[in-house]
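Engineer: Dropping in final-v5.txt, which is compact mmCIF, C-alpha atoms:
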# COMPACT_ATOMS: atom_id res chain seq x y z
CA MET A 22 -241.03 57.71 -177.45
CA SER A 23 -240.91 59.90 -174.36
CA TYR A 24 -240.11 63.57 -174.52
CA SER A 25 -237.64 65.16 -172.14
CA ARG A 26 -237.21 68.89 -171.72
CA PRO A 27 -233.86 70.30 -172.84
CA ASP A 28 -231.62 71.46 -170.05
CA PRO A 29 -231.83 75.30 -169.99
CA ARG A 30 -228.06 75.43 -169.45
CA SER A 31 -227.38 73.30 -172.54
CA SER A 32 -225.50 74.82 -175.45
CA PHE A 33 -228.56 74.31 -177.69
CA VAL A 34 -230.72 76.57 -175.53
CA GLN A 35 -227.96 79.07 -174.77
CA ASN A 36 -226.86 79.50 -178.40
CA ARG A 37 -230.29 79.52 -180.04
CA ARG A 38 -230.97 83.02 -181.32
CA ILE A 39 -234.45 84.37 -180.69
CA SER A 40 -235.52 87.17 -182.97
CA ARG A 41 -239.18 87.52 -181.97
CA ILE A 42 -241.11 86.72 -178.83
CA PRO A 43 -244.84 86.14 -179.32
CA ALA A 44 -247.24 88.62 -177.76
CA PHE A 45 -248.93 87.26 -174.66
CA THR A 46 -251.62 88.24 -172.20
CA PRO A 47 -250.23 88.61 -168.66
CA VAL A 48 -251.40 86.38 -165.84
CA PRO A 49 -254.36 88.06 -164.09
CA LEU A 50 -253.34 88.93 -160.54
CA ARG A 51 -254.41 91.25 -157.77
CA PRO A 52 -252.47 94.54 -158.15
CA ARG A 53 -249.56 94.88 -155.72
CA ALA A 54 -246.61 97.25 -155.72
CA ASP A 55 -244.18 94.40 -155.02
CA GLY A 56 -245.93 91.76 -157.15
CA TRP A 57 -245.94 90.49 -160.71
CA SER A 58 -247.49 93.43 -162.57
CA PRO A 59 -248.22 92.96 -166.29
CA VAL A 60 -245.19 95.11 -167.20
CA ARG A 61 -242.95 93.14 -164.83
CA GLN A 62 -244.16 89.89 -166.43
CA ALA A 63 -243.30 91.24 -169.89
CA GLU A 64 -239.89 92.43 -168.69
CA PHE A 65 -239.24 89.00 -167.19
CA ILE A 66 -240.08 87.28 -170.51
CA GLY A 67 -237.82 89.73 -172.39
CA LEU A 68 -234.94 89.25 -169.95
CA LEU A 69 -235.47 85.48 -170.00
CA ALA A 70 -235.00 85.59 -173.78
CA GLN A 71 -231.82 87.61 -173.29
CA THR A 72 -230.25 85.62 -170.45
CA ARG A 73 -231.89 82.15 -170.86
CA CYS A 74 -231.72 81.86 -167.06
CA VAL A 75 -234.89 81.99 -164.94
CA LYS A 76 -233.01 82.93 -161.78
CA LYS A 77 -231.12 85.80 -163.44
CA ALA A 78 -234.18 87.15 -165.28
CA ALA A 79 -236.26 87.07 -162.08
CA MET A 80 -233.50 88.80 -160.14
CA LEU A 81 -233.26 91.56 -162.78
CA VAL A 82 -236.97 92.37 -162.37
CA GLY A 83 -236.74 92.25 -158.57
CA MET A 84 -238.47 88.92 -158.03
CA SER A 85 -237.36 85.46 -156.97
CA ARG A 86 -236.97 82.33 -159.08
CA ASP A 87 -239.53 80.51 -156.93
CA SER A 88 -242.15 83.23 -157.39
CA ALA A 89 -241.63 83.02 -161.17
CA TYR A 90 -242.38 79.29 -161.09
CA ARG A 91 -245.42 79.92 -158.84
CA LEU A 92 -246.65 82.52 -161.36
CA ARG A 93 -246.26 79.92 -164.09
CA ARG A 94 -248.64 77.56 -162.22
CA LYS A 95 -251.41 80.15 -161.67
CA PRO A 96 -254.74 79.81 -163.49
CA GLY A 97 -254.83 81.94 -166.63
CA ALA A 98 -251.07 81.69 -167.24
CA GLU A 99 -251.33 79.69 -170.49
CA GLU A 100 -250.00 82.43 -172.80
CA PHE A 101 -247.26 83.39 -170.32
CA VAL A 102 -246.19 79.73 -170.14
CA ALA A 103 -246.29 79.42 -173.96
CA ALA A 104 -243.94 82.43 -174.32
CA TRP A 105 -241.64 81.03 -171.61
CA ASP A 106 -241.55 77.59 -173.24
CA MET A 107 -240.90 79.07 -176.69
CA ILE A 108 -237.87 80.92 -175.30
CA MET A 109 -236.51 77.81 -173.59
CA GLY A 110 -237.03 75.66 -176.68
CA VAL A 111 -239.78 73.44 -175.34
CA PRO A 112 -242.02 72.23 -178.17
CA THR A 113 -245.72 72.73 -177.59
CA SER A 114 -248.18 70.36 -179.16
CA GLN A 115 -251.51 71.80 -178.07
CA GLN A 116 -253.04 75.25 -178.09
CA PRO A 117 -254.54 76.40 -174.78
CA LYS A 118 -258.34 76.33 -174.62
CA VAL A 119 -259.80 79.80 -175.09
CA THR A 120 -262.88 80.41 -172.94
CA LEU A 121 -265.10 83.48 -172.70
CA ASP A 122 -263.31 84.43 -169.47
CA THR A 123 -259.95 84.33 -171.23
CA LEU A 124 -261.27 86.46 -174.07
CA PHE A 125 -262.62 89.06 -171.63
CA GLN A 126 -259.26 89.06 -169.82
CA ARG A 127 -257.37 89.54 -173.10
CA LEU A 128 -259.76 92.34 -174.05
CA ARG A 129 -259.28 94.17 -170.72
CA GLN A 130 -255.51 93.79 -170.43
CA GLY A 131 -254.41 93.79 -174.06
CA SER A 132 -251.27 91.97 -175.09
CA TYR A 133 -247.64 92.62 -174.26
CA ARG A 134 -244.77 91.89 -176.63
CA PRO A 135 -241.17 92.14 -175.43
CA ILE A 136 -238.81 93.55 -178.07
CA LEU A 137 -235.30 92.19 -178.68
CA ARG A 138 -232.60 93.95 -180.69
CA GLY A 139 -229.46 91.99 -181.39
CA GLY A 140 -230.45 89.40 -178.79
CA ARG A 141 -230.85 92.01 -176.03
CA TYR A 142 -234.12 93.04 -174.39
CA VAL A 143 -234.88 96.70 -175.15
CA GLY A 144 -238.50 97.23 -174.14
CA THR A 145 -242.11 96.13 -174.32
CA ILE A 146 -244.99 97.08 -176.57
CA ARG A 147 -248.50 96.99 -175.14
CA LYS A 148 -251.38 97.00 -177.56
CA PRO A 149 -255.09 96.22 -177.44
CA ASP A 150 -256.01 92.70 -178.46
CA ASN A 151 -258.38 93.29 -181.37
CA SER A 152 -258.46 89.61 -182.29
CA ALA A 153 -259.90 88.88 -178.82
CA LEU A 154 -262.64 91.45 -179.45
CA LEU A 155 -263.56 89.88 -182.79
CA ALA A 156 -263.51 86.35 -181.35
CA LEU A 157 -265.67 87.49 -178.42
CA LEU A 158 -268.21 89.13 -180.73
CA GLY A 159 -268.36 85.99 -182.85
CA ARG A 160 -268.97 83.80 -179.83
CA LEU A 161 -271.60 86.12 -178.38
CA ASP A 162 -273.42 86.19 -181.73
CA ARG A 163 -273.60 82.40 -181.68
CA LEU A 164 -275.04 82.46 -178.15
CA LEU A 165 -278.00 84.66 -179.11
CA PRO A 166 -281.09 82.90 -180.45
CA PRO A 167 -281.98 83.68 -184.05
CA GLU A 168 -284.77 86.26 -184.34
CA GLY A 169 -286.08 85.48 -187.77
CA ASP A 170 -284.91 86.54 -191.19
CA PRO A 171 -282.54 89.55 -191.07
CA GLY A 172 -284.06 90.80 -194.33
CA GLU A 173 -287.56 90.79 -192.86
CA GLU A 174 -289.24 94.16 -192.38
CA PRO A 175 -290.14 95.19 -188.81
CA GLU A 176 -293.78 95.08 -187.77
CA GLY A 177 -295.79 98.17 -188.69
CA TYR A 178 -293.35 99.13 -191.43
CA ARG A 179 -294.91 99.82 -194.80
CA LYS A 180 -292.95 100.33 -197.90
CA GLU A 181 -294.28 103.15 -200.06
CA LYS A 182 -295.05 102.06 -203.56
CA PRO A 183 -293.36 104.24 -206.15
CA ALA A 184 -295.77 106.47 -208.01
CA SER A 185 -296.15 105.39 -211.60
CA VAL A 186 -295.41 108.02 -214.15
Starting from the coordinates I provided, produce the structure as structure tokens.
Structural biologist:
Amino acid sequence: MSYSRPDPRSSFVQNRRISRIPAFTPVPLRPRADGWSPVRQAEFIGLLAQTRCVKKAAMLVGMSRDSAYRLRRKPGAEEFVAAWDMIMGVPTSQQPKVTLDTLFQRLRQGSYRPILRGGRYVGTIRKPDNSALLALLGRLDRLLPPEGDPGEEPEGYRKEKPASV
């Protein structure tokens, strides 16, 4: 059985009500005044959920449809693509691979979550990605070699014997 993407103009996609957009980490790009800043990416995702039209959402944030599709193909755009696909009703079967570089990126940039009220985009919340910090610490702990028993006393340390009464 082959899967085909639903047409974004179909009544299924247009009439599907989205109440919550998942938080995502923006695509890492070189900062430019006229480029896809993290806030502009979040606004695009929010407006895409409102309009269900890539061309209209890109126009509303001052970008072109083609640049939105180029942004989608950039390395590190997995979470951006997952949010886009969720809005357009594309089922995803696999989770993107999370590398140390992705965790550091998520830690530096935080996550952005567009907010919808009554099906209309109203703003974006940016918050630090604490789960990335915890995952990064867990991975870094596994990379360090074990240094003996954690309950072991350091060298030169003597425990005083309690005086007997």
Engineer: Tell me which of A:Leu155, A:Arg163, A:Phe125, A:Arg134 sits closest to Gln62 (chain A), counting all atoms listed in the file.
Structural biologist: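 Under the stated criterion, the closest residue is A:Arg134.
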Engineer: List as a PDB file with C-alpha atoms, in the coordinates of the input the protein and nucleic acid residues near Pro149 (chain A), meaning an atom at most 8 Å away when all atoms listed in the file are counted, but skip any in the same chain fewer than 4 places from it.
Structural biologist:
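File written: selection-v1.pdb
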ATOM      1  CA  LEU A 128    -259.760  92.340-174.050  1.00  0.00           C
ATOM      2  CA  GLN A 130    -255.510  93.790-170.430  1.00  0.00           C
ATOM      3  CA  GLY A 131    -254.410  93.790-174.060  1.00  0.00           C
ATOM      4  CA  SER A 132    -251.270  91.970-175.090  1.00  0.00           C
TER       5      SER A 132
END
Engineer: Please report the interatomic distance between CA of Ile108 (chain A) and CA of Ile42 (chain A) in Å with one decimal.
Structural biologist: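 A separation of 7.5 Å between them.
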Engineer: Which one is closest to Leu161 (chain A): A:Thr46, A:Thr120, A:Ser58, A:Thr72? Count all atoms listed in the file.
Structural biologist: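 Going through A:Thr46, A:Thr120, A:Ser58, A:Thr72 one by one, the smallest distance to Leu161 (chain A) is for A:Thr120.
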Engineer: Which residue is closest to Arg93 (chain A)? Choose from A:Pro43, A:Pro49, A:Gly67, A:Pro166 and count only C-alpha atoms.
Structural biologist: A:Pro49
Engineer: Of the candidates A:Leu124, A:Leu164, A:Leu68, A:Leu50, which shows the shortest atom-to-atom distance to Leu137 (chain A), using only C-alpha atoms?
Structural biologist: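 Ranking A:Leu124, A:Leu164, A:Leu68, A:Leu50 by distance to Leu137 (chain A), first place goes to A:Leu68.
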Engineer: Quick one: distance from CA of Arg73 (chain A) to CA of Asp55 (chain A) in Å, one decimal?
Structural biologist: 23.5 Å
Engineer: Kindly indicate which residue among A:Arg41, A:Asp162, A:Val48, A:Tyr142 lies nearest to Leu81 (chain A), using only C-alpha atoms for the distances.
Structural biologist: A:Tyr142
Engineer: Could you tell me how far CA of Thr123 (chain A) sits from CA of Ala98 (chain A), in Å to one decimal place?
Structural biologist: 10.1 Å
Engineer: Find, counting all atoms listed in the file, the residue in A:Gly144, A:Gly97, A:Gly83, A:Pro135 that gets nearest to Lys118 (chain A).
Structural biologist: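 Ranked by minimum distance to Lys118 (chain A), first place goes to A:Gly97.
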Engineer: Can you pull out every residue within 10 Å of Gln71 (chain A), counting only C-alpha atoms, but drop anything in the same chain fewer than 4 positions away, and send it as a list in words?
Structural biologist: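 With the cut-off at 10 Å, the set is Gln35, Arg38, Ile39, Phe65, Ile66, Gly67, Ala78, Ile108, Leu137, Arg138, Gly139, Gly140, Arg141, Tyr142 and Val143 of chain A.
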Engineer: Skip Met84 (chain A) itself and residues of its chain fewer than 2 positions away, then list as a list of chain:residue names all residues within 12 Å of it, counting all atoms listed in the file.
Structural biologist: A:Ala54, A:Asp55, A:Gly56, A:Trp57, A:Ser58, A:Arg61, A:Gln62, A:Glu64, A:Phe65, A:Val75, A:Lys76, A:Lys77, A:Ala78, A:Ala79, A:Met80, A:Leu81, A:Val82, A:Arg86, A:Asp87, A:Ser88, A:Ala89, A:Tyr90, A:Arg91, A:Leu92
